[in-house]
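Visitor: Next comes work-v2.txt, compact mmCIF, C-alpha atoms:
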# COMPACT_ATOMS: atom_id res chain seq x y z
CA ALA A 198 263.66 10.17 0.14
CA GLU A 199 264.22 11.77 3.55
CA ASP A 200 263.29 8.52 5.30
CA GLY A 201 266.19 6.66 3.68
CA LEU A 202 264.11 4.77 1.13
CA ASP A 203 265.17 4.72 -2.51
CA ILE A 204 262.61 5.82 -5.07
CA TYR A 205 261.32 2.28 -5.72
CA GLU A 206 260.84 1.60 -2.00
CA PHE A 207 259.21 5.00 -1.52
CA VAL A 208 256.65 4.43 -4.27
CA ALA A 209 255.97 0.95 -2.85
CA SER A 210 255.45 2.45 0.61
CA GLU A 211 253.09 5.18 -0.64
CA TRP A 212 251.19 2.73 -2.85
CA THR A 213 250.71 0.21 -0.03
CA LYS A 214 248.93 2.83 2.10
CA GLN A 215 245.97 2.97 -0.28
CA LEU A 216 245.71 -0.70 -1.27
CA GLU A 217 243.15 -3.18 -0.05
CA GLN A 218 244.49 -5.30 2.80
CA ARG A 219 244.51 -8.51 0.73
CA PHE A 220 247.00 -6.99 -1.75
CA LYS A 221 249.40 -5.26 0.65
CA HIS A 222 251.64 -8.31 1.15
CA LEU A 223 252.33 -8.45 -2.61
CA VAL A 224 253.90 -4.99 -2.80
CA ASN A 225 257.67 -4.69 -2.53
CA ARG A 226 260.61 -2.96 -4.21
CA LYS A 227 260.90 -5.60 -6.94
CA LEU A 228 257.27 -5.20 -8.00
CA CYS A 229 257.60 -1.43 -8.32
CA LYS A 230 261.09 -1.18 -9.78
CA LYS A 231 260.51 -1.59 -13.52
CA PRO A 232 257.32 0.52 -13.80
CA VAL A 233 258.97 3.31 -11.75
CA MET A 234 262.33 3.07 -13.52
CA THR A 235 260.80 3.29 -16.99
CA PHE A 236 258.27 6.00 -16.09
CA ALA A 237 260.62 8.84 -17.04
CA TYR A 238 261.23 7.06 -20.34
CA SER A 239 257.63 7.54 -21.43
CA ALA A 240 256.45 4.13 -20.24
CA THR A 241 252.71 3.55 -20.59
CA ARG A 242 249.89 2.38 -18.34
CA MET A 243 249.75 -0.85 -20.35
CA SER A 244 253.45 -1.56 -19.76
CA SER A 245 252.93 -1.08 -16.02
CA MET A 246 250.03 -3.55 -16.13
CA ASP A 247 252.17 -6.07 -18.03
CA ASN A 248 255.13 -5.66 -15.66
CA VAL A 249 252.98 -6.27 -12.59
CA HIS A 250 251.34 -9.32 -14.17
CA ASP A 251 254.75 -10.78 -15.10
CA ILE A 252 255.72 -10.82 -11.42
CA ILE A 253 252.51 -11.63 -9.52
CA GLY A 254 250.12 -12.78 -12.24
CA GLU A 255 248.87 -16.28 -12.96
CA VAL A 256 250.50 -18.03 -15.91
CA SER A 257 248.52 -20.66 -17.83
CA VAL A 258 249.61 -22.77 -20.80
CA TRP A 259 247.57 -24.77 -23.29
CA ARG A 260 248.34 -28.44 -22.80
CA ASP A 261 246.52 -31.64 -23.77
CA GLY A 262 243.45 -29.79 -25.00
CA GLY A 263 243.02 -27.45 -22.03
CA TRP A 264 244.52 -24.57 -20.06
CA VAL A 265 246.86 -25.64 -17.26
CA VAL A 266 248.05 -23.24 -14.55
CA GLU A 267 251.84 -23.25 -14.71
CA LYS A 268 252.41 -20.52 -12.12
CA GLU A 269 250.01 -19.52 -9.36
CA GLY A 270 249.14 -15.84 -9.11
CA LEU A 271 246.51 -13.21 -9.56
CA PRO A 272 244.13 -13.49 -12.52
CA ARG A 273 244.78 -11.04 -15.32
CA PHE A 274 241.95 -8.65 -14.45
CA GLU A 275 243.29 -8.19 -10.90
CA SER A 276 246.97 -7.83 -11.85
CA ALA A 277 245.96 -5.36 -14.58
CA ARG A 278 243.99 -3.29 -12.07
CA LEU A 279 246.98 -3.23 -9.71
CA GLY A 280 249.35 -2.30 -12.54
CA SER A 281 247.08 0.54 -13.59
CA ASN A 282 246.84 1.69 -9.99
CA LEU A 283 250.64 1.59 -9.65
CA PHE A 284 250.95 3.75 -12.78
CA ASP A 285 248.69 6.38 -11.19
CA LYS A 286 250.67 6.34 -7.94
CA THR A 287 253.97 6.60 -9.82
CA ASN A 288 252.61 9.55 -11.81
CA GLU A 289 251.60 11.23 -8.55
CA VAL A 290 254.94 10.67 -6.76
CA LEU A 291 257.11 11.51 -9.78
CA GLN A 292 255.15 14.55 -10.93
CA PRO A 293 258.27 16.78 -10.79
CA ILE A 294 259.96 14.43 -13.26
CA VAL A 295 256.90 14.60 -15.52
CA ILE A 296 257.16 18.40 -15.50
CA GLY A 297 260.87 18.22 -16.36
CA VAL A 298 260.39 15.77 -19.21
CA ASP A 299 257.45 17.78 -20.59
CA TYR A 300 259.70 20.85 -20.59
CA LEU A 301 262.34 19.02 -22.63
CA LYS A 302 259.65 17.85 -25.07
CA GLU A 303 258.44 21.42 -25.61
CA CYS A 304 262.01 22.67 -26.17
CA VAL A 305 262.74 19.92 -28.69
CA LYS A 306 259.54 20.72 -30.60
CA ILE A 307 260.50 24.40 -30.88
CA VAL A 308 264.04 23.59 -32.03
CA MET A 309 262.96 21.04 -34.64
CA ILE A 310 260.29 23.32 -36.10
CA LYS A 311 262.99 25.97 -36.49
CA THR A 312 265.71 23.72 -37.95
CA ASP A 313 263.60 21.13 -39.80
CA SER A 314 266.37 18.67 -38.90
CA PRO A 315 266.20 15.27 -37.16
CA ASP A 316 269.26 16.22 -35.08
CA ILE A 317 269.51 17.98 -31.76
CA VAL A 318 272.77 18.23 -29.82
CA TRP A 319 273.84 19.13 -26.31
CA ALA A 320 277.05 19.21 -24.29
CA THR A 321 277.53 17.37 -21.01
CA HIS A 322 279.29 18.75 -17.95
CA ASP A 323 282.63 17.24 -19.04
CA GLY A 324 282.39 18.38 -22.66
CA PHE A 325 281.04 15.25 -24.33
CA HIS A 326 278.60 16.06 -27.13
CA GLY A 327 275.28 14.22 -27.10
CA LEU A 328 273.32 13.78 -30.33
CA GLN A 329 269.73 12.69 -30.83
CA HIS A 330 268.80 11.66 -34.37
CA ALA A 331 265.02 11.25 -34.71
CA PHE A 332 263.45 10.65 -38.11
CA LYS A 333 260.37 9.02 -39.58
CA LYS A 334 260.65 5.45 -40.83
CA ASN A 335 258.89 3.24 -43.33
CA GLU A 336 258.56 -0.52 -43.25
CA LEU A 337 260.31 -2.40 -46.04
CA ARG A 338 259.31 -6.05 -46.38
CA VAL A 339 261.84 -8.29 -48.09
CA ARG A 340 261.97 -12.02 -48.69
CA VAL A 341 265.24 -13.79 -48.02
CA ARG A 342 266.40 -17.36 -48.47
CA ASP A 343 268.56 -18.97 -45.79
CA SER A 344 271.28 -21.62 -46.10
CA LEU A 345 268.64 -24.37 -45.82
CA ASN A 346 266.82 -22.89 -48.82
CA LYS A 347 263.90 -21.75 -46.65
CA GLU A 348 262.25 -18.44 -47.42
CA HIS A 349 261.54 -15.85 -44.73
CA GLU A 350 259.91 -12.45 -44.77
CA ILE A 351 261.85 -9.80 -42.88
CA VAL A 352 260.56 -6.34 -42.01
CA LEU A 353 263.20 -3.61 -42.15
CA GLN A 354 262.85 -0.10 -40.77
CA VAL A 355 264.21 2.34 -43.37
CA PRO A 356 264.37 6.15 -43.22
CA GLN A 357 261.57 8.12 -44.82
CA LEU A 358 263.12 10.56 -47.30
CA ASP A 359 261.86 13.89 -48.62
CA LEU A 360 262.03 15.09 -52.25
CA PHE A 361 265.66 16.07 -51.74
CA GLY A 362 266.69 12.67 -50.38
CA GLN A 363 266.96 13.93 -46.79
CA LYS A 364 265.58 12.07 -43.77
CA VAL A 365 262.21 13.41 -42.64
CA PRO A 366 262.39 14.60 -38.98
CA SER A 367 259.98 13.08 -36.46
CA ILE A 368 259.06 15.49 -33.68
CA ALA A 369 257.04 12.77 -31.92
CA LYS A 370 260.05 10.41 -31.76
CA ALA A 371 262.33 13.25 -30.72
CA GLN A 372 259.99 14.17 -27.88
CA SER A 373 259.67 10.60 -26.60
CA GLY A 374 263.43 10.10 -26.73
CA ILE A 375 264.82 13.35 -25.34
CA GLY A 376 264.09 12.62 -21.65
CA PRO A 377 265.73 9.18 -21.64
CA ASN A 378 268.67 10.39 -23.73
CA ILE A 379 269.42 13.39 -21.53
CA ILE A 380 269.19 11.20 -18.43
CA HIS A 381 271.46 8.55 -19.96
CA SER A 382 273.98 11.22 -20.93
CA LEU A 383 274.04 12.43 -17.32
CA ASP A 384 274.50 8.86 -16.06
CA ALA A 385 277.41 8.41 -18.45
CA THR A 386 278.89 11.75 -17.40
CA HIS A 387 278.83 10.69 -13.76
CA LEU A 388 280.58 7.44 -14.65
CA ARG A 389 283.31 9.28 -16.56
CA MET A 390 283.80 11.73 -13.68
CA VAL A 391 284.25 8.84 -11.24
CA ALA A 392 286.64 7.09 -13.65
CA ARG A 393 288.82 10.21 -13.91
CA ARG A 394 288.96 10.62 -10.13
CA LEU A 395 289.96 6.99 -9.68
CA LYS A 396 292.66 7.38 -12.33
CA GLU A 397 294.05 10.39 -10.47
CA LEU A 398 294.18 8.25 -7.32
CA GLY A 399 295.88 5.40 -9.18
CA LEU A 400 293.04 3.07 -8.30
CA PRO A 401 292.24 0.36 -10.89
CA ALA A 402 288.56 -0.15 -11.58
CA ILE A 403 286.26 -1.90 -14.02
CA TRP A 404 282.86 -0.93 -15.37
CA ILE A 405 279.85 -2.99 -16.39
CA HIS A 406 277.22 -0.74 -17.95
CA ASP A 407 276.33 1.52 -14.99
CA SER A 408 278.09 -0.49 -12.29
CA PHE A 409 281.38 0.45 -10.61
CA SER A 410 283.85 -2.10 -9.30
CA CYS A 411 287.23 -2.01 -7.59
CA HIS A 412 289.23 -4.15 -5.17
CA SER A 413 287.23 -4.67 -1.97
CA ASN A 414 289.99 -2.96 0.08
CA TYR A 415 289.00 0.32 -1.60
CA ARG A 416 285.22 0.01 -1.54
CA LYS A 417 284.78 2.84 1.00
CA LEU A 418 286.96 5.14 -1.08
CA LEU A 419 285.03 4.18 -4.22
CA TYR A 420 281.72 5.01 -2.52
CA LYS A 421 283.12 8.34 -1.31
CA VAL A 422 284.19 9.27 -4.85
CA ILE A 423 280.83 8.19 -6.33
CA VAL A 424 278.95 10.44 -3.88
CA GLU A 425 281.30 13.42 -4.29
CA GLU A 426 281.08 13.33 -8.08
CA PHE A 427 277.30 12.90 -7.94
CA ILE A 428 277.04 16.05 -5.82
CA GLU A 429 279.40 17.90 -8.16
CA LEU A 430 277.38 16.94 -11.24
CA TYR A 431 273.92 17.66 -9.86
CA SER A 432 274.69 20.89 -8.00
CA ARG A 433 273.63 22.77 -11.13
CA ASN A 434 270.42 23.40 -13.01
CA HIS A 435 270.78 21.20 -16.09
CA LEU A 436 267.48 22.32 -17.62
CA GLN A 437 268.64 25.95 -17.48
CA ILE A 438 271.99 24.94 -18.99
CA LEU A 439 270.20 23.14 -21.84
CA LYS A 440 267.90 26.13 -22.41
CA ASP A 441 270.85 28.53 -22.69
CA LEU A 442 272.79 26.17 -24.96
CA TRP A 443 269.89 25.46 -27.34
CA GLU A 444 268.91 29.11 -27.56
CA GLN A 445 272.46 30.05 -28.50
CA THR A 446 272.95 27.08 -30.86
CA TYR A 447 269.65 27.22 -32.71
CA ASP A 448 268.71 30.91 -32.37
CA VAL A 449 265.35 30.17 -30.74
CA VAL A 450 263.48 31.48 -27.72
CA LEU A 451 262.56 28.73 -25.27
CA PRO A 452 260.24 28.85 -22.24
CA GLU A 453 261.70 29.16 -18.76
CA PRO A 454 262.54 25.81 -17.14
CA PRO A 455 260.58 24.49 -14.15
CA THR A 456 261.48 25.89 -10.75
CA MET A 457 264.08 23.87 -8.88
CA GLY A 458 262.93 21.92 -5.84
CA LYS A 459 264.25 22.31 -2.30
CA TRP A 460 266.06 18.99 -1.98
CA ASP A 461 269.60 19.47 -0.63
CA ILE A 462 271.85 17.44 -2.91
CA LYS A 463 274.47 17.18 -0.15
So that I can check it, write out the structure of this file as C-alpha cells.
Guide:
Amino acid sequence: AEDGLDIYEFVASEWTKQLEQRFKHLVNRKLCKKPVMTFAYSATRMSSMDNVHDIIGEVSVWRDGGWVVEKEGLPRFESARLGSNLFDKTNEVLQPIVIGVDYLKECVKIVMIKTDSPDIVWATHDGFHGLQHAFKKNELRVRVRDSLNKEHEIVLQVPQLDLFGQKVPSIAKAQSGIGPNIIHSLDATHLRMVARRLKELGLPAIWIHDSFSCHSNYRKLLYKVIVEEFIELYSRNHLQILKDLWEQTYDVVLPEPPTMGKWDIK
C-alpha cells in the first residue's frame, strides 16, 4: 500500500474504520493475516469466521458436568459476525485478485474441456515447468489391524477411473487449485532467482520454505537482491504470458486477461 502498510495491515486499517467502537481495539495484523492470506486460495466465509473465533473467541470445555470457560473472549455469535464482516472487507479490498483468479479459472475450464485431461502445465520465468493434476476421487474404506491387534477403519482417497482406466478430470478441483498453484510457482521462482544471484556473488545462504537467511553482515545486500529480483519477476504481465502459452500449447482461444493496474512495481 502507498501508506507503507502491508496487505494485512491495510485490510485491518480499512476494516477498523467501519467497525463499532467496542470492537476496534480487537483488530490488528494478526487477526487479519490468515483470512487475508488464504483469500486468494479460495478460502470461504466460514473459514474466516473460524479463524477470527480462534484468536478472539471464547473457549469453553465440558468439565465436571458443566461448561467451563477456559479462555475469555467473544461469544461465538459475535466472533462469527466479525469473521463474516472481515470476509466482506477482504473481498472488497482484494477485488483485483478475485478478478485475476476468476480469469485463471475460466482459462482452465476451457483447456480441460478441450483436452479432457486432468493435467495443465505452464512454464515459469526461469524455465521450470509447473504441473497441476486435478482428478475426481472416490472414498475407499478399508479395515486394518495394528500391531496391538486392534481394528481401525481408514478412509482412502483413490482416483475415479473411466471405462478405459484413465483418471477422470475434475474441472472444479482444477479451478480451485489453479490460483494457489500459479502463485506458489511464482513464489518459488522468486526464491530461485534470489538463490542464483547469491551464488553469483559467492554469498552462502539457507532457505526455510519461503524464508531467506544469510550471515547478518550481508543482510542489507540480501534485502537489495530480494527487491531487485522481485521487480524483475513482476515487471511482466503473467496472465498474458499464461494466455499465450496455453493457447499455443492446447490450441484453444482464451479470453483477454484483466487490465493491468497502475501500481509502479519499482
Visitor: Considering all atoms listed in the file, state which residue in the set A:Arg273, A:Arg433, A:His406, A:Arg219 is at the smallest distance from Val249 in chain A.
Guide: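 Among the listed residues, A:Arg273 lies closest to Val249 in chain A.
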Visitor: For CA of Val208 in chain A and CA of Ile380 in chain A, quote the distance in Å rounded to one decimal.
Guide: 20.1 Å
Visitor: Could you work out an axis-aligned bounding box for all listed atoms of range 222-226 of chain A, with 4 Å added on each of the six sides, and give its centre and edge lengths in Å to one decimal, as AutoDock Vina command-line options?
Guide:
--center_x 256.1 --center_y -5.7 --center_z -1.5 --size_x 17.0 --size_y 13.5 --size_z 13.4
Visitor: Grab the CA of Ala237 in chain A to CA of Lys364 in chain A distance for me, in Å with one decimal place.
Guide: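 Going from CA of Ala237 in chain A over to CA of Lys364 in chain A covers 27.4 Å.
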Visitor: Give the answer as one residue: which of A:Gly399, A:Gly376, A:Gly201, A:Pro455 has the shortest atom-to-atom distance to Leu301 in chain A, using only C-alpha atoms?
Guide: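 For Leu301 in chain A, the nearest of the candidates is A:Gly376.
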Visitor: May I have the residues at most 8 Å from (245.1, -12.5, -11.3) in the file's coordinates, counting only C-alpha atoms, as an MDAnalysis selection string?
Guide: chainID A and resid 250 253:255 270:277
Visitor: Contacts of Val352 in chain A at 10 Å or less, counting all atoms listed in the file, minus same-chain residues fewer than 2 places along, as a ChimeraX atom specification?
Guide: /A:335-340,349-350,354-355
Visitor: Could you list, as a list in words, every residue within 10 Å of Pro377 in chain A, counting all atoms listed in the file and ignoring same-chain residues fewer than 6 positions away?
Guide: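 Here the answer would be Thr235, Phe236, Ala237, Tyr238, Ser239, Val298 and Leu383 of chain A.
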Visitor: Any idea what the distance is between CA of Ile317 in chain A and CA of Gly458 in chain A?
Guide: 27.0 Å
Visitor: Of the candidates A:Ser373, A:Thr456, A:Gln292, A:Thr386, which shows the shortest atom-to-atom distance to Gly327 in chain A, using all atoms listed in the file?
Guide: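 Distance minimum relative to Gly327 in chain A lands on A:Thr386.
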Visitor: Residues of range 332-393 of chain A that have any atom at most 12 Å from an atom of range 302-313 of chain A: could you tabulate them with the shortest-distance atom pair and the distance in Å to one decimal, using all atoms listed in the file, ordered by chain and increasing number, as a tab-separated table?
Guide:
residue	atom	partner	partner_atom	distance
A:Phe332	CA	A:Asp313	CA	10.6
A:Asp359	CA	A:Asp313	CA	11.5
A:Gln363	CA	A:Asp313	CA	10.6
A:Lys364	CA	A:Asp313	CA	10.1
A:Val365	CA	A:Asp313	CA	8.3
A:Pro366	CA	A:Asp313	CA	6.7
A:Ser367	CA	A:Met309	CA	8.7
A:Ile368	CA	A:Lys306	CA	6.1
A:Ala369	CA	A:Lys306	CA	8.4
A:Lys370	CA	A:Lys302	CA	10.0
A:Ala371	CA	A:Val305	CA	7.0
A:Gln372	CA	A:Lys302	CA	4.6
A:Ser373	CA	A:Lys302	CA	7.4
A:Gly374	CA	A:Lys302	CA	8.8
A:Ile375	CA	A:Lys302	CA	6.9
A:Gly376	CA	A:Lys302	CA	7.7
A:Pro377	CA	A:Lys302	CA	11.1
A:Asn378	CA	A:Lys302	CA	11.8
A:Ile379	CA	A:Lys302	CA	11.3
Visitor: May I have the protein, DNA and RNA residues with any atom at most 10 Å from the point (263.7, 26.4, -19.4), counting all atoms listed in the file, written as an NGL selection string?
Guide: :A and (297 or 300-301 or 303-304 or 434-441 or 450-456)
Visitor: Could you write out that same residue set with C-alpha atoms as an mmCIF file, in the frame of the given file?
Guide:
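For reference, out10.cif as written:
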data_model
loop_
_atom_site.group_PDB
_atom_site.id
_atom_site.type_symbol
_atom_site.label_atom_id
_atom_site.label_comp_id
_atom_site.auth_asym_id
_atom_site.auth_seq_id
_atom_site.Cartn_x
_atom_site.Cartn_y
_atom_site.Cartn_z
ATOM 1 C CA GLY A 297 260.870 18.220 -16.360
ATOM 2 C CA TYR A 300 259.700 20.850 -20.590
ATOM 3 C CA LEU A 301 262.340 19.020 -22.630
ATOM 4 C CA GLU A 303 258.440 21.420 -25.610
ATOM 5 C CA CYS A 304 262.010 22.670 -26.170
ATOM 6 C CA ASN A 434 270.420 23.400 -13.010
ATOM 7 C CA HIS A 435 270.780 21.200 -16.090
ATOM 8 C CA LEU A 436 267.480 22.320 -17.620
ATOM 9 C CA GLN A 437 268.640 25.950 -17.480
ATOM 10 C CA ILE A 438 271.990 24.940 -18.990
ATOM 11 C CA LEU A 439 270.200 23.140 -21.840
ATOM 12 C CA LYS A 440 267.900 26.130 -22.410
ATOM 13 C CA ASP A 441 270.850 28.530 -22.690
ATOM 14 C CA VAL A 450 263.480 31.480 -27.720
ATOM 15 C CA LEU A 451 262.560 28.730 -25.270
ATOM 16 C CA PRO A 452 260.240 28.850 -22.240
ATOM 17 C CA GLU A 453 261.700 29.160 -18.760
ATOM 18 C CA PRO A 454 262.540 25.810 -17.140
ATOM 19 C CA PRO A 455 260.580 24.490 -14.150
ATOM 20 C CA THR A 456 261.480 25.890 -10.750
#
Visitor: Smallest atom-to-atom distance to Gln357 in chain A: which of A:Ile428, A:Pro315, A:Glu397, A:Asp299, using only C-alpha atoms?
Guide: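 Comparing A:Ile428, A:Pro315, A:Glu397, A:Asp299 against Gln357 in chain A, the winner is A:Pro315.
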